[in-house]
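my_file02.txt, holding compact mmCIF, C-alpha atoms:
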# COMPACT_ATOMS: atom_id res chain seq x y z
CA MET A 1251 -35.77 52.84 -54.71
CA ASP A 1252 -32.13 52.26 -53.75
CA ALA A 1253 -31.09 49.53 -51.36
CA ASP A 1254 -29.52 50.51 -48.03
CA LEU A 1255 -25.95 49.40 -48.60
CA ALA A 1256 -25.01 50.10 -44.98
CA LEU A 1257 -27.74 47.75 -43.75
CA ILE A 1258 -26.68 45.03 -46.18
CA ALA A 1259 -23.02 45.45 -45.21
CA ALA A 1260 -23.87 45.22 -41.51
CA ILE A 1261 -25.77 41.99 -42.08
CA ASN A 1262 -23.01 40.49 -44.19
CA ASP A 1263 -20.36 41.52 -41.66
CA GLY A 1264 -22.37 40.01 -38.83
CA LEU A 1265 -22.88 36.76 -40.70
CA GLY A 1266 -19.21 36.62 -41.58
CA ALA A 1267 -18.24 37.10 -37.94
CA ALA A 1268 -20.59 34.31 -36.86
CA ALA A 1269 -19.52 31.88 -39.59
CA ASP A 1270 -18.48 28.38 -38.58
CA PRO A 1271 -16.77 26.68 -41.54
CA GLY A 1272 -16.84 23.37 -39.69
CA ARG A 1273 -20.66 23.30 -39.64
CA ALA A 1274 -21.18 24.66 -43.13
CA PRO A 1275 -20.75 21.44 -45.19
CA LYS A 1276 -23.16 19.50 -42.95
CA MET A 1277 -25.77 22.25 -43.23
CA GLN A 1278 -25.40 22.32 -47.00
CA ALA A 1279 -25.69 18.55 -47.25
CA TYR A 1280 -28.77 18.43 -45.02
CA MET A 1281 -30.57 21.04 -47.12
CA LYS A 1282 -29.34 19.52 -50.41
CA SER A 1283 -28.28 23.04 -51.33
CA THR A 1284 -26.20 24.00 -54.34
CA MET A 1285 -25.55 27.34 -52.62
CA PRO A 1286 -22.90 27.03 -49.90
CA TYR A 1287 -23.44 27.82 -46.23
CA LEU A 1288 -21.43 29.98 -43.86
CA GLY A 1289 -22.29 27.71 -40.95
CA VAL A 1290 -24.55 30.17 -39.10
CA SER A 1291 -27.62 28.88 -37.26
CA VAL A 1292 -31.04 30.33 -38.08
CA PRO A 1293 -31.44 31.93 -34.61
CA THR A 1294 -28.09 33.63 -35.08
CA VAL A 1295 -29.08 34.82 -38.58
CA ARG A 1296 -32.20 36.28 -37.00
CA ALA A 1297 -30.22 38.02 -34.26
CA VAL A 1298 -27.66 39.44 -36.71
CA THR A 1299 -30.36 40.72 -39.05
CA ASN A 1300 -32.42 42.36 -36.33
CA ALA A 1301 -29.36 43.96 -34.77
CA ALA A 1302 -28.34 45.44 -38.12
CA ALA A 1303 -31.88 46.70 -38.71
CA ARG A 1304 -31.89 48.46 -35.33
CA VAL A 1305 -28.79 50.38 -36.34
CA HIS A 1306 -29.95 50.95 -39.92
CA PRO A 1307 -33.77 50.95 -39.75
CA PRO A 1308 -35.51 50.95 -43.14
CA ALA A 1309 -37.38 54.23 -43.63
CA SER A 1310 -40.34 52.59 -45.35
CA ALA A 1311 -41.61 49.32 -46.77
CA LEU A 1312 -40.28 50.35 -50.18
CA HIS A 1313 -36.80 50.94 -48.75
CA LEU A 1314 -36.94 47.58 -46.98
CA ALA A 1315 -38.10 45.81 -50.13
CA ALA A 1316 -35.17 47.27 -52.08
CA SER A 1317 -32.64 46.18 -49.45
CA ALA A 1318 -34.12 42.70 -49.00
CA THR A 1319 -34.22 42.22 -52.77
CA ALA A 1320 -30.60 43.27 -53.18
CA LEU A 1321 -29.51 40.99 -50.33
CA TRP A 1322 -31.47 38.06 -51.77
CA ARG A 1323 -30.21 38.49 -55.32
CA GLY A 1324 -26.63 39.16 -54.31
CA ALA A 1325 -26.38 36.23 -51.91
CA THR A 1326 -23.40 33.93 -52.25
CA HIS A 1327 -24.34 31.87 -49.17
CA ARG A 1328 -27.72 30.57 -48.06
CA GLU A 1329 -27.74 32.43 -44.76
CA GLN A 1330 -27.77 35.72 -46.65
CA ARG A 1331 -31.08 34.65 -48.18
CA TYR A 1332 -32.34 33.68 -44.74
CA ALA A 1333 -31.42 37.18 -43.61
CA ALA A 1334 -33.29 38.74 -46.54
CA THR A 1335 -36.39 36.81 -45.54
CA GLU A 1336 -35.92 37.84 -41.91
CA LEU A 1337 -35.83 41.50 -42.98
CA THR A 1338 -39.30 41.16 -44.47
CA GLY A 1339 -40.60 40.35 -41.00
CA LEU A 1340 -39.89 43.84 -39.72
CA ARG A 1341 -43.02 45.72 -38.67
CA VAL A 1342 -42.64 48.29 -41.43
CA ALA A 1343 -43.13 45.53 -44.01
CA THR A 1344 -45.65 43.07 -42.60
CA THR A 1345 -48.79 44.70 -44.03
CA SER A 1346 -47.29 46.30 -47.13
CA LEU A 1347 -48.25 45.09 -50.58
CA ALA A 1348 -44.92 46.50 -51.76
CA LEU A 1349 -43.35 43.21 -50.61
CA LEU A 1350 -45.63 40.88 -52.54
CA ALA A 1351 -43.52 40.69 -55.70
CA LEU A 1352 -40.45 39.92 -53.60
CA TYR A 1353 -42.27 37.13 -51.77
CA GLU A 1354 -43.13 35.51 -55.08
CA GLU A 1355 -39.51 35.85 -56.21
CA MET A 1356 -38.25 34.31 -52.97
CA ILE A 1357 -40.61 31.36 -53.37
CA THR A 1358 -39.86 30.66 -57.03
CA THR A 1359 -36.12 31.29 -56.98
CA GLY A 1360 -35.57 29.84 -53.51
CA ALA A 1361 -37.41 26.75 -54.75
CA TRP A 1362 -36.93 24.64 -51.65
CA TRP A 1363 -38.95 24.06 -48.52
CA ASP A 1364 -36.83 26.14 -46.14
CA HIS A 1365 -37.25 29.33 -48.18
CA VAL A 1366 -40.86 28.63 -49.08
CA ASP A 1367 -41.94 27.81 -45.55
CA ALA A 1368 -40.33 30.98 -44.23
CA THR A 1369 -41.91 33.17 -46.90
CA ALA A 1370 -45.45 31.76 -47.06
CA PRO A 1371 -46.43 33.23 -43.66
CA ARG A 1372 -45.56 36.68 -45.00
CA ALA A 1373 -48.21 36.17 -47.67
CA GLY A 1374 -50.54 35.09 -44.88
CA GLN A 1375 -49.93 38.36 -43.06
CA LEU A 1376 -50.76 40.26 -46.22
CA LEU A 1377 -53.92 38.19 -46.61
CA ALA A 1378 -55.04 39.22 -43.13
CA ALA A 1379 -54.36 42.88 -43.90
CA HIS A 1380 -55.54 42.94 -47.53
CA PRO A 1381 -57.92 40.01 -48.12
CA GLY A 1382 -59.42 41.53 -51.26
CA GLU A 1383 -56.03 41.84 -52.93
CA LEU A 1384 -54.38 38.66 -51.65
CA ARG A 1385 -57.18 36.16 -52.04
CA PRO A 1386 -56.99 36.09 -55.86
CA VAL A 1387 -53.20 36.00 -55.67
CA LEU A 1388 -53.22 32.88 -53.50
CA VAL A 1389 -55.84 31.26 -55.72
CA ALA A 1390 -53.59 31.94 -58.73
CA TRP A 1391 -50.60 30.52 -56.87
CA SER A 1392 -52.59 27.38 -56.06
CA ARG A 1393 -53.00 26.72 -59.79
CA SER A 1394 -49.48 27.63 -60.83
CA PRO A 1395 -47.19 25.18 -62.63
CA ASP A 1396 -44.67 26.03 -59.89
CA ARG A 1397 -45.08 23.54 -57.06
CA TRP A 1398 -43.54 25.94 -54.56
CA LEU A 1399 -46.14 28.63 -55.23
CA ARG A 1400 -48.77 25.95 -54.81
CA ARG A 1401 -47.26 24.85 -51.50
CA ALA A 1402 -47.11 28.46 -50.35
CA SER A 1403 -50.77 29.04 -51.19
CA ILE A 1404 -51.74 26.05 -49.04
CA ILE A 1405 -49.66 26.89 -45.95
CA ALA A 1406 -50.01 30.68 -46.06
CA GLN A 1407 -52.74 30.59 -43.40
CA LEU A 1408 -50.87 28.43 -40.88
CA GLY A 1409 -51.48 29.82 -37.42
CA ALA A 1410 -54.50 31.88 -38.45
CA GLY A 1411 -56.77 29.75 -36.26
CA VAL A 1412 -60.34 31.01 -36.13
CA ARG A 1413 -59.41 33.77 -38.58
CA THR A 1414 -58.74 31.20 -41.30
CA ASP A 1415 -60.54 31.88 -44.56
CA LEU A 1416 -62.04 28.41 -44.90
CA ALA A 1417 -63.42 29.01 -48.38
CA LEU A 1418 -59.92 29.97 -49.54
CA LEU A 1419 -58.30 27.06 -47.72
CA THR A 1420 -60.76 24.68 -49.35
CA GLU A 1421 -60.18 26.18 -52.79
CA VAL A 1422 -56.39 25.94 -52.68
CA ILE A 1423 -56.55 22.38 -51.32
CA ASP A 1424 -59.09 21.31 -53.95
CA ALA A 1425 -56.82 22.71 -56.66
CA ASN A 1426 -54.02 20.41 -55.50
CA ALA A 1427 -55.70 17.37 -53.97
CA THR A 1428 -54.82 15.09 -56.89
CA ASP A 1429 -51.18 16.21 -56.93
CA ARG A 1430 -48.99 13.49 -55.45
CA ASP A 1431 -45.91 15.68 -55.19
CA PHE A 1432 -44.58 15.10 -51.67
CA PHE A 1433 -44.20 18.77 -50.77
CA VAL A 1434 -47.67 19.67 -51.99
CA ALA A 1435 -49.40 16.67 -50.38
CA LYS A 1436 -47.55 17.28 -47.12
CA ALA A 1437 -48.61 20.94 -47.19
CA ILE A 1438 -52.27 19.95 -47.52
CA GLY A 1439 -52.06 17.68 -44.50
CA TRP A 1440 -50.10 20.26 -42.52
CA SER A 1441 -52.62 23.03 -43.20
CA LEU A 1442 -55.54 20.82 -42.15
CA ARG A 1443 -53.74 19.55 -39.04
CA ASP A 1444 -52.99 23.14 -38.06
CA TYR A 1445 -56.60 24.24 -38.48
CA ALA A 1446 -57.79 21.20 -36.51
CA ARG A 1447 -56.46 22.92 -33.41
CA SER A 1448 -59.26 25.45 -33.84
CA ASP A 1449 -62.01 23.28 -35.31
CA PRO A 1450 -61.31 19.55 -35.26
CA GLU A 1451 -64.86 18.68 -36.32
CA TRP A 1452 -64.54 20.76 -39.50
CA VAL A 1453 -61.33 18.93 -40.39
CA ARG A 1454 -62.87 15.53 -39.62
CA GLY A 1455 -65.76 16.37 -41.89
CA PHE A 1456 -63.53 17.71 -44.65
CA VAL A 1457 -61.42 14.56 -44.65
CA ALA A 1458 -64.38 12.18 -44.39
CA ASP A 1459 -66.99 13.62 -46.72
CA GLY A 1460 -65.21 12.56 -49.91
CA ALA A 1461 -65.86 15.79 -51.80
CA THR A 1462 -62.10 16.28 -51.89
CA VAL A 1463 -60.17 13.04 -52.44
CA LEU A 1464 -56.98 13.45 -50.46
CA SER A 1465 -53.80 11.46 -50.87
CA SER A 1466 -52.95 9.02 -48.10
CA LEU A 1467 -50.12 11.31 -47.03
CA SER A 1468 -52.40 14.36 -46.80
CA ARG A 1469 -55.05 12.36 -44.95
CA ARG A 1470 -52.53 10.91 -42.50
CA GLU A 1471 -51.01 14.30 -41.75
CA ALA A 1472 -54.41 15.97 -41.41
CA THR A 1473 -55.70 13.49 -38.85
CA LYS A 1474 -52.47 12.87 -36.94
CA HIS A 1475 -53.74 14.46 -33.71
CA LEU A 1476 -57.45 13.76 -34.10
CA ALA A 1477 -58.94 11.07 -31.88
Would you mind writing the file out in structure tokens?
Amino acid sequence: MDADLALIAAINDGLGAAADPGRAPKMQAYMKSTMPYLGVSVPTVRAVTNAAARVHPPASALHLAASATALWRGATHREQRYAATELTGLRVATTSLALLALYEEMITTGAWWDHVDATAPRAGQLLAAHPGELRPVLVAWSRSPDRWLRRASIIAQLGAGVRTDLALLTEVIDANATDRDFFVAKAIGWSLRDYARSDPEWVRGFVADGATVLSSLSRREATKHLA
């Protein structure tokens, strides 16, 4: 499937027009990024991407995947990768398994929390639409040597509330509970804190029962808003 070059050009033109070279170095330094920035805020990236997609709407999830992949791989500045991720949020893509391979690529080649945290919810949307297909994928991610896939598996269900697959959440946390990597431990605490909004007693019990020995960081994050 060929990428939509007109869509990609419209996004790149919009980002170029919104660029602020004065902000770019600070943004790059904050994110510790080897890829330079244009100096475009995330809300503006979102607006530019959605405006371009309204003019050049992807005909299908496969077309969108091809365009987002080309934009991601061809990026010279970080905002272009943000735009590629934003494209995957279009309605035509949110329940399509055709995007799964791209999500994994974005996580492993983005390899930093901003890209991972923006992509993981896409996997969560696929889980809601295709639990039979996505559950084993997230379990596999949770055991990957790649810490970013492991982080993504843990936070994929953020915001799911009462629809959270607790058995899956438990499995991906258990697979990583002994990992003291900051980004993994933080993800565990974050996922539990998020679910505590729906069922604080379950989270209290999970943290207290000792079946899963959490790091102090994970425990602190999980119980931050529990009385």
* Structure fact -> Between CA of Val1434 in chain A and CA of Arg1401 in chain A lies a distance of 5.2 Å
So that I can see what lies close to Leu1442 in chain A, please list as a short mmCIF file (atom, residue, chain, number, x, y, z; two decimals) with C-alpha atoms, keeping the file's coordinate frame the residues with an atom at most 7 Å from it, counting all atoms listed in the file and leaving out residues fewer than 4 positions away in the same chain.
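So the final result, stored in selection08.cif, reads:
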data_model
loop_
_atom_site.label_atom_id
_atom_site.label_comp_id
_atom_site.auth_asym_id
_atom_site.auth_seq_id
_atom_site.Cartn_x
_atom_site.Cartn_y
_atom_site.Cartn_z
CA ILE A 1438 -52.27 19.95 -47.52
CA ALA A 1446 -57.79 21.20 -36.51
CA VAL A 1453 -61.33 18.93 -40.39
CA ALA A 1472 -54.41 15.97 -41.41
#
* Just how far from CA of Thr1359 in chain A is CA of Leu1340 in chain A, in Å to one decimal? ->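 Interatomic distance, CA of Leu1340 in chain A to CA of Thr1359 in chain A: 21.7 Å.
Restricting the calculation to all atoms listed in the file, the smallest distance between Val1412 in chain A and any of A:Glu1336, A:Val1387, A:Met1356, A:Ser1448 is found for A:Ser1448.
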* Considering all atoms listed in the file, state which residue in the set A:Val1290, A:Ala1373, A:Leu1349, A:Met1281 is at the smallest distance from Ala1410 in chain A. =>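 Of A:Val1290, A:Ala1373, A:Leu1349, A:Met1281, the one nearest Ala1410 in chain A, counting all atoms listed in the file, is A:Ala1373.
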* CA of Asp1270 in chain A to CA of Ala1302 in chain A, distance in Å rounded to a single decimal -> 19.7 Å
At most 12 Å from (-48.0, 48.2, -50.9), file frame, all atoms listed in the file: which residues, as a PDB file with C-alpha atoms, in the frame of the given file?
ATOM      1  CA  SER A1310     -40.340  52.590 -45.350  1.00  0.00           C
ATOM      2  CA  ALA A1311     -41.610  49.320 -46.770  1.00  0.00           C
ATOM      3  CA  LEU A1312     -40.280  50.350 -50.180  1.00  0.00           C
ATOM      4  CA  HIS A1313     -36.800  50.940 -48.750  1.00  0.00           C
ATOM      5  CA  LEU A1314     -36.940  47.580 -46.980  1.00  0.00           C
ATOM      6  CA  ALA A1315     -38.100  45.810 -50.130  1.00  0.00           C
ATOM      7  CA  VAL A1342     -42.640  48.290 -41.430  1.00  0.00           C
ATOM      8  CA  ALA A1343     -43.130  45.530 -44.010  1.00  0.00           C
ATOM      9  CA  THR A1344     -45.650  43.070 -42.600  1.00  0.00           C
ATOM     10  CA  THR A1345     -48.790  44.700 -44.030  1.00  0.00           C
ATOM     11  CA  SER A1346     -47.290  46.300 -47.130  1.00  0.00           C
ATOM     12  CA  LEU A1347     -48.250  45.090 -50.580  1.00  0.00           C
ATOM     13  CA  ALA A1348     -44.920  46.500 -51.760  1.00  0.00           C
ATOM     14  CA  LEU A1349     -43.350  43.210 -50.610  1.00  0.00           C
ATOM     15  CA  LEU A1350     -45.630  40.880 -52.540  1.00  0.00           C
ATOM     16  CA  ALA A1351     -43.520  40.690 -55.700  1.00  0.00           C
ATOM     17  CA  LEU A1352     -40.450  39.920 -53.600  1.00  0.00           C
ATOM     18  CA  LEU A1376     -50.760  40.260 -46.220  1.00  0.00           C
ATOM     19  CA  ALA A1379     -54.360  42.880 -43.900  1.00  0.00           C
ATOM     20  CA  HIS A1380     -55.540  42.940 -47.530  1.00  0.00           C
ATOM     21  CA  GLU A1383     -56.030  41.840 -52.930  1.00  0.00           C
ATOM     22  CA  LEU A1384     -54.380  38.660 -51.650  1.00  0.00           C
TER      23      LEU A1384
END
* To do: Kindly indicate which residue among A:Arg1323, A:Gln1375, A:Gly1272, A:Gly1360 lies nearest to Gly1339 in chain A, using all atoms listed in the file for the distances.
  =>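 Checking each of A:Arg1323, A:Gln1375, A:Gly1272, A:Gly1360 against Gly1339 in chain A, counting all atoms listed in the file, the winner is A:Gln1375.
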Since the input is missing atoms, can you rebuild N, CA, C and O atoms for range 1372-1385 of chain A and write them as a PDB file, in the frame of the given file?
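Full text of rebuild04.pdb as output:
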ATOM      1  N   ARG A1372     -45.515  35.254 -44.647  1.00  0.00           N
ATOM      2  CA  ARG A1372     -45.560  36.680 -45.000  1.00  0.00           C
ATOM      3  C   ARG A1372     -46.770  36.951 -45.895  1.00  0.00           C
ATOM      4  O   ARG A1372     -47.469  37.963 -45.743  1.00  0.00           O
ATOM      5  N   ALA A1373     -47.018  36.043 -46.833  1.00  0.00           N
ATOM      6  CA  ALA A1373     -48.210  36.170 -47.670  1.00  0.00           C
ATOM      7  C   ALA A1373     -49.465  36.055 -46.815  1.00  0.00           C
ATOM      8  O   ALA A1373     -50.470  36.740 -47.067  1.00  0.00           O
ATOM      9  N   GLY A1374     -49.416  35.213 -45.795  1.00  0.00           N
ATOM     10  CA  GLY A1374     -50.540  35.090 -44.880  1.00  0.00           C
ATOM     11  C   GLY A1374     -50.809  36.378 -44.122  1.00  0.00           C
ATOM     12  O   GLY A1374     -51.972  36.737 -43.892  1.00  0.00           O
ATOM     13  N   GLN A1375     -49.760  37.073 -43.731  1.00  0.00           N
ATOM     14  CA  GLN A1375     -49.930  38.360 -43.060  1.00  0.00           C
ATOM     15  C   GLN A1375     -50.570  39.380 -43.997  1.00  0.00           C
ATOM     16  O   GLN A1375     -51.436  40.165 -43.587  1.00  0.00           O
ATOM     17  N   LEU A1376     -50.148  39.359 -45.244  1.00  0.00           N
ATOM     18  CA  LEU A1376     -50.760  40.260 -46.220  1.00  0.00           C
ATOM     19  C   LEU A1376     -52.223  39.901 -46.451  1.00  0.00           C
ATOM     20  O   LEU A1376     -53.067  40.785 -46.640  1.00  0.00           O
ATOM     21  N   LEU A1377     -52.535  38.612 -46.448  1.00  0.00           N
ATOM     22  CA  LEU A1377     -53.920  38.190 -46.610  1.00  0.00           C
ATOM     23  C   LEU A1377     -54.790  38.748 -45.492  1.00  0.00           C
ATOM     24  O   LEU A1377     -55.908  39.223 -45.737  1.00  0.00           O
ATOM     25  N   ALA A1378     -54.279  38.697 -44.267  1.00  0.00           N
ATOM     26  CA  ALA A1378     -55.040  39.220 -43.130  1.00  0.00           C
ATOM     27  C   ALA A1378     -55.263  40.719 -43.254  1.00  0.00           C
ATOM     28  O   ALA A1378     -56.317  41.233 -42.875  1.00  0.00           O
ATOM     29  N   ALA A1379     -54.267  41.418 -43.795  1.00  0.00           N
ATOM     30  CA  ALA A1379     -54.360  42.880 -43.900  1.00  0.00           C
ATOM     31  C   ALA A1379     -55.097  43.327 -45.152  1.00  0.00           C
ATOM     32  O   ALA A1379     -55.767  44.373 -45.147  1.00  0.00           O
ATOM     33  N   HIS A1380     -54.971  42.554 -46.227  1.00  0.00           N
ATOM     34  CA  HIS A1380     -55.540  42.940 -47.530  1.00  0.00           C
ATOM     35  C   HIS A1380     -56.231  41.744 -48.179  1.00  0.00           C
ATOM     36  O   HIS A1380     -55.793  41.267 -49.229  1.00  0.00           O
ATOM     37  N   PRO A1381     -57.299  41.232 -47.582  1.00  0.00           N
ATOM     38  CA  PRO A1381     -57.920  40.010 -48.120  1.00  0.00           C
ATOM     39  C   PRO A1381     -58.407  40.167 -49.557  1.00  0.00           C
ATOM     40  O   PRO A1381     -58.301  39.223 -50.349  1.00  0.00           O
ATOM     41  N   GLY A1382     -58.922  41.337 -49.902  1.00  0.00           N
ATOM     42  CA  GLY A1382     -59.420  41.530 -51.260  1.00  0.00           C
ATOM     43  C   GLY A1382     -58.345  41.419 -52.312  1.00  0.00           C
ATOM     44  O   GLY A1382     -58.577  40.904 -53.413  1.00  0.00           O
ATOM     45  N   GLU A1383     -57.147  41.886 -51.986  1.00  0.00           N
ATOM     46  CA  GLU A1383     -56.030  41.840 -52.930  1.00  0.00           C
ATOM     47  C   GLU A1383     -55.326  40.485 -52.918  1.00  0.00           C
ATOM     48  O   GLU A1383     -54.903  39.989 -53.970  1.00  0.00           O
ATOM     49  N   LEU A1384     -55.191  39.878 -51.742  1.00  0.00           N
ATOM     50  CA  LEU A1384     -54.380  38.660 -51.650  1.00  0.00           C
ATOM     51  C   LEU A1384     -55.143  37.385 -51.983  1.00  0.00           C
ATOM     52  O   LEU A1384     -54.544  36.411 -52.462  1.00  0.00           O
ATOM     53  N   ARG A1385     -56.433  37.390 -51.762  1.00  0.00           N
ATOM     54  CA  ARG A1385     -57.180  36.160 -52.040  1.00  0.00           C
ATOM     55  C   ARG A1385     -56.992  35.693 -53.480  1.00  0.00           C
ATOM     56  O   ARG A1385     -56.652  34.531 -53.713  1.00  0.00           O
TER      57      ARG A1385
END
